Amino acid sequence: MHPGGIGTLAQALAAGRPQMIVPVAFDQPDNARRTAALGVARSLPFRKATAAALARELSALLAAPDSASRAAAVGVAIAGEDGARVAANALEGICQPDD
């Protein structure tokens with residue numbers, strides 16, 4: 001369970017586990033919608049996050065037959081990426097002086 005900020009979200013996706021996201025502000029609601037659409041998370045807006053609502057959503061997340069396998073597949077896909085190298089290569093390509 002986390003608020004859905006991009007750093008936490010990236011780490012949770014890489015872990016390959018289903019997520020309960022309680023977005024508060026900024027990019028968090030969009031991140032929550034996208035991960036729910038992937039089938040790896042459930043989302044509950046912060047203003048609706050009561051103990052009962054969280055328990056209900058967590059139960060639904062853990063009971064969903066595909067959420068664990070989808071989350072694991074996303075984790076495997078992320079593990080195969082080298083985002084820092086790709087970003088560095090892209091920046092080098094942009095910053096190379098013309099010959």
# chains A, B, ... in the order shown; residues from 1 in each chain; ligands from 1
>>> select_by_dssp(residues="chain A", states="alpha helix (DSSP H)", output="PyMOL selection string")
chain A and resi 6-15+28-38+51-63+67-79+83-95
>>> residues_around(residues="A:Gln19", least_positions_apart="2", cutoff="10 Å", atoms="only C-alpha atoms", output="PyMOL selection string")
chain A and resi 1-2+4+9+12-13+16-17+21-22+32+35-36+39-43+58+61-62+67-68+71
>>> closest_residue(among="A:Arg34, A:Asp82, A:Arg56, A:Gln28", to="A:Gly7", atoms="only C-alpha atoms")
A:Gln28
>>> closest_residue(among="A:Val74, A:Ala88, A:Leu44, A:Ala53", to="A:Val24", atoms="only C-alpha atoms")
A:Leu44
>>> closest_residue(among="A:Gly75, A:Ile94, A:Arg47, A:Ala87", to="A:Ala14", atoms="only C-alpha atoms")
A:Gly75
>>> select_by_dssp(residues="chain A", states="strand (DSSP E or B)", output="PDB file with N, CA and C atoms, in the first residue's frame")
ATOM      1  N   HIS A   2       0.590   2.160  -0.922  1.00  0.00           N
ATOM      2  CA  HIS A   2       1.374   3.382  -1.035  1.00  0.00           C
ATOM      3  C   HIS A   2       0.546   4.448  -1.762  1.00  0.00           C
ATOM      4  N   GLN A  19      -0.573  -4.133  -5.849  1.00  0.00           N
ATOM      5  CA  GLN A  19      -0.471  -2.916  -5.055  1.00  0.00           C
ATOM      6  C   GLN A  19      -1.828  -2.328  -4.714  1.00  0.00           C
ATOM      7  N   MET A  20      -1.895  -1.744  -3.546  1.00  0.00           N
ATOM      8  CA  MET A  20      -3.049  -0.946  -3.144  1.00  0.00           C
ATOM      9  C   MET A  20      -2.558   0.489  -3.123  1.00  0.00           C
ATOM     10  N   ILE A  21      -3.151   1.324  -3.971  1.00  0.00           N
ATOM     11  CA  ILE A  21      -2.694   2.710  -4.095  1.00  0.00           C
ATOM     12  C   ILE A  21      -3.769   3.646  -3.548  1.00  0.00           C
ATOM     13  N   ALA A  41      -3.081  -3.391  -9.659  1.00  0.00           N
ATOM     14  CA  ALA A  41      -3.361  -2.575  -8.478  1.00  0.00           C
ATOM     15  C   ALA A  41      -4.850  -2.283  -8.355  1.00  0.00           C
ATOM     16  N   ARG A  42      -5.201  -1.887  -7.145  1.00  0.00           N
ATOM     17  CA  ARG A  42      -6.511  -1.295  -6.887  1.00  0.00           C
ATOM     18  C   ARG A  42      -6.235   0.066  -6.293  1.00  0.00           C
ATOM     19  N   SER A  43      -7.180   0.953  -6.469  1.00  0.00           N
ATOM     20  CA  SER A  43      -7.001   2.327  -6.015  1.00  0.00           C
ATOM     21  C   SER A  43      -8.199   2.782  -5.209  1.00  0.00           C
TER      22      SER A  43
END
